[in-house]
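Notes to accompany the following structure.
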Amino acid sequence: MEEPVDTATAILASAAVLLRERTFDDISYRALADEVGISERTIYRQYPTRPHLLAALSNWIEQTCFPLPPFVTVSDFRAAVHERFRAFDASPAYAHVGARASAISPTLDTEPAYITRAIEAMLDVAAPTLNRRDRRRVAASLRYFSSAMFWARLRTGFDLDAAEICDAFDHAVDSVLAKLPSSATWARP
Amino acid sequence: MGAAVTVPELSGTQEAILAAFAELIEEVGSDDVSYRVIARRAGIAERTVFRNYPTRVDLLLATAAWIEATLFAREESHSIFDVPLAIRDAMQRYDARPELAHVVAETAMRGVSGAAPSPSRAQLERLLDAEVPSLDAAQRRAVIAALSHLDSVGTWVTFRREFGMDRRDIADAAAWAAEAVLDSIRDRVAPQRDGLASGNG
């Protein structure tokens, strides 16, 4: 484990700095190379196309700025997502990079995001007898309503702030969970 | 605001450019297509492409809007309770053109320099207000936001990428989620007064 920052990470850190003053589209490889103090060719070697850079930058931002609080119960899940939406609202430029990266055609063999696995694990505990199809429908719906895309759509398309977005999220979660048999042990808020 | 998605009138040249770009996106991806190649495919001068779409972002936004309005066009829903059907169809259309679906998804997520992320919002509001006018502001907003989120290509992208779902499963899960959202307002429908639904003869 090397503690000193490697080139790939240094590029991402510099891209994040540039994101404070311009959009991702306006960050050229040239400007990025100057910022890091390396050659443009080195950047191309790390990130052969802009979608590669976007995907890596989004991962880095996610880990550095928007760590997901762990959750086990449904109410912890709600709280974790609320916290994220508030963090997105505080750094909209970063959050939009995440929303956009989650929309592009995958460049690498992308693993499902951590939050996807956490939602599935939560369902296993809260509703162990749920049939497979319903489990996937519920997991997919909860995942999609907790995404950066949901935040971005409501902020840009509906002009909502974090509190209103959290409220819309709670409504959506209620609707999805109401579809389930009452035997599921949901931690109601 | 009539149709679900409105696109500005396009000239024949513009339509040729957008169609050529969409074709090339499906062949090689959106990142590698130069204006020169687009011009050649459309059978026009490169200068003409630049005159119509000065930047790549301009071109991308116009292309995404054109794809939404043509290849991914929805049948208009006449009731808010028909929306799950429209969503099911839309998911199948996205699945048939994956590269184009990703391009449309990404342009809607560009923030200020992007496409409107909720093109179906106005139509959903009209349907909901006609059929379920008694919702309070927060409820109304929550229902519209959830349906508009589900009625978008982001659903297809997320379900496929995060859960490895195929076409059938995506269409099913998206429509199911929309039904779940509608369940919360099913018992709030106002009686029809326009005589369309009531057979009074």
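By order in the structure tokens, chains are A, B, ...; within a chain, residues start at 1; ligands start at 1, following the order shown.
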* Tell me, as a list in words, which residues lie within 10 Å of Gly37 (chain A), counting only C-alpha atoms; anything in the same chain fewer than 4 positions away does not count. => Ala10, Ile11, Ser14, Ala31, Leu32 and Ala33 of chain A
Dump N, CA and C atoms for the selected residues as a short mmCIF file (atom, residue, chain, number, x, y, z; two decimals), in the first residue's frame?
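Dumped everything to out.cif:
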```cif
data_model
loop_
_atom_site.label_atom_id
_atom_site.label_comp_id
_atom_site.auth_asym_id
_atom_site.auth_seq_id
_atom_site.Cartn_x
_atom_site.Cartn_y
_atom_site.Cartn_z
N ALA A 10 -3.95 11.49 -8.49
CA ALA A 10 -3.60 12.91 -8.57
C ALA A 10 -4.42 13.58 -9.68
N ILE A 11 -4.61 12.87 -10.78
CA ILE A 11 -5.40 13.42 -11.89
C ILE A 11 -6.84 13.68 -11.44
N SER A 14 -7.10 16.64 -9.07
CA SER A 14 -7.01 17.91 -9.79
C SER A 14 -8.28 18.20 -10.58
N ALA A 31 -5.80 21.20 -19.94
CA ALA A 31 -5.86 21.98 -18.70
C ALA A 31 -5.58 21.09 -17.49
N LEU A 32 -6.07 19.88 -17.58
CA LEU A 32 -5.88 18.92 -16.49
C LEU A 32 -4.40 18.58 -16.35
N ALA A 33 -3.73 18.37 -17.48
CA ALA A 33 -2.30 18.05 -17.47
C ALA A 33 -1.51 19.19 -16.83
#
```
* Taking only C-alpha atoms into account, report as a ChimeraX atom specification which residues of chain A lie within 6 Å of chain B. => /A:99-100,103-105,112,137,153,157,168,175-176
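Using only C-alpha atoms, the residues found no farther than 6 Å from region 40-43 of chain B, other than those of its own chain fewer than 2 positions away, are B:Ala16, B:Ile17, B:Ala20, B:Val37, B:Ile38.
Taking CA of Asp134 (chain A) as the reference point, CA of Glu62 (chain A) is found at 29.1 Å.
Take CA of Phe66 (chain A) and CA of Thr42 (chain A): the distance between them is 27.8 Å.
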* Excluding Arg30 (chain A) and any residue of its chain fewer than 6 positions from it, enumerate the residues within 12 Å of it, using only C-alpha atoms, and give them as a ChimeraX atom specification. => /A:11,15,36-44
Store the residues picked out above, limited to N, CA, C and O atoms, as a PDB file, in the first residue's frame.
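This is the output file again-v2.pdb:
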```pdb
ATOM      1  N   ILE A  11      -4.614  12.872 -10.782  1.00  0.00           N
ATOM      2  CA  ILE A  11      -5.398  13.423 -11.894  1.00  0.00           C
ATOM      3  C   ILE A  11      -6.837  13.681 -11.437  1.00  0.00           C
ATOM      4  O   ILE A  11      -7.407  14.736 -11.708  1.00  0.00           O
ATOM      5  N   ALA A  15      -8.850  17.164 -11.165  1.00  0.00           N
ATOM      6  CA  ALA A  15     -10.110  17.349 -11.902  1.00  0.00           C
ATOM      7  C   ALA A  15     -11.185  17.861 -10.950  1.00  0.00           C
ATOM      8  O   ALA A  15     -11.973  18.741 -11.304  1.00  0.00           O
ATOM      9  N   VAL A  36      -2.032  19.190 -13.014  1.00  0.00           N
ATOM     10  CA  VAL A  36      -1.311  18.137 -12.301  1.00  0.00           C
ATOM     11  C   VAL A  36       0.197  18.300 -12.448  1.00  0.00           C
ATOM     12  O   VAL A  36       0.968  17.867 -11.585  1.00  0.00           O
ATOM     13  N   GLY A  37       0.604  18.933 -13.557  1.00  0.00           N
ATOM     14  CA  GLY A  37       2.031  19.044 -13.831  1.00  0.00           C
ATOM     15  C   GLY A  37       2.586  17.795 -14.491  1.00  0.00           C
ATOM     16  O   GLY A  37       3.700  17.356 -14.200  1.00  0.00           O
ATOM     17  N   ILE A  38       1.789  17.176 -15.359  1.00  0.00           N
ATOM     18  CA  ILE A  38       2.251  16.009 -16.117  1.00  0.00           C
ATOM     19  C   ILE A  38       1.890  16.232 -17.581  1.00  0.00           C
ATOM     20  O   ILE A  38       1.278  17.244 -17.918  1.00  0.00           O
ATOM     21  N   SER A  39       2.257  15.282 -18.430  1.00  0.00           N
ATOM     22  CA  SER A  39       1.956  15.462 -19.849  1.00  0.00           C
ATOM     23  C   SER A  39       0.541  14.979 -20.145  1.00  0.00           C
ATOM     24  O   SER A  39      -0.014  14.143 -19.432  1.00  0.00           O
ATOM     25  N   GLU A  40      -0.008  15.550 -21.211  1.00  0.00           N
ATOM     26  CA  GLU A  40      -1.342  15.150 -21.633  1.00  0.00           C
ATOM     27  C   GLU A  40      -1.376  13.652 -21.941  1.00  0.00           C
ATOM     28  O   GLU A  40      -2.370  12.977 -21.690  1.00  0.00           O
ATOM     29  N   ARG A  41      -0.249  13.166 -22.490  1.00  0.00           N
ATOM     30  CA  ARG A  41      -0.175  11.757 -22.871  1.00  0.00           C
ATOM     31  C   ARG A  41      -0.362  10.834 -21.654  1.00  0.00           C
ATOM     32  O   ARG A  41      -0.972   9.779 -21.745  1.00  0.00           O
ATOM     33  N   THR A  42       0.178  11.266 -20.528  1.00  0.00           N
ATOM     34  CA  THR A  42       0.041  10.459 -19.305  1.00  0.00           C
ATOM     35  C   THR A  42      -1.431  10.340 -18.910  1.00  0.00           C
ATOM     36  O   THR A  42      -1.881   9.299 -18.437  1.00  0.00           O
ATOM     37  N   ILE A  43      -2.174  11.428 -19.108  1.00  0.00           N
ATOM     38  CA  ILE A  43      -3.595  11.375 -18.764  1.00  0.00           C
ATOM     39  C   ILE A  43      -4.328  10.411 -19.685  1.00  0.00           C
ATOM     40  O   ILE A  43      -5.118   9.587 -19.237  1.00  0.00           O
ATOM     41  N   TYR A  44      -3.998  10.496 -20.974  1.00  0.00           N
ATOM     42  CA  TYR A  44      -4.633   9.568 -21.923  1.00  0.00           C
ATOM     43  C   TYR A  44      -4.309   8.118 -21.577  1.00  0.00           C
ATOM     44  O   TYR A  44      -5.126   7.220 -21.785  1.00  0.00           O
TER      45      TYR A  44
END
```
* Of the listed residues B:Leu61, B:Ile25, B:Ala171, B:Leu18, that which approaches Ala140 (chain A) most closely, counting only C-alpha atoms -> B:Ala171
* Would you list the contacts of Ala95 (chain A) as a PyMOL selection string, taking every protein, DNA or RNA residue within 10 Å and counting only C-alpha atoms, but skipping same-chain residues closer than 2 positions in sequence? => (chain A and resi 58+61-62+65-66+84-85+87-93+97-101+148-149+151-152) or (chain B and resi 111)
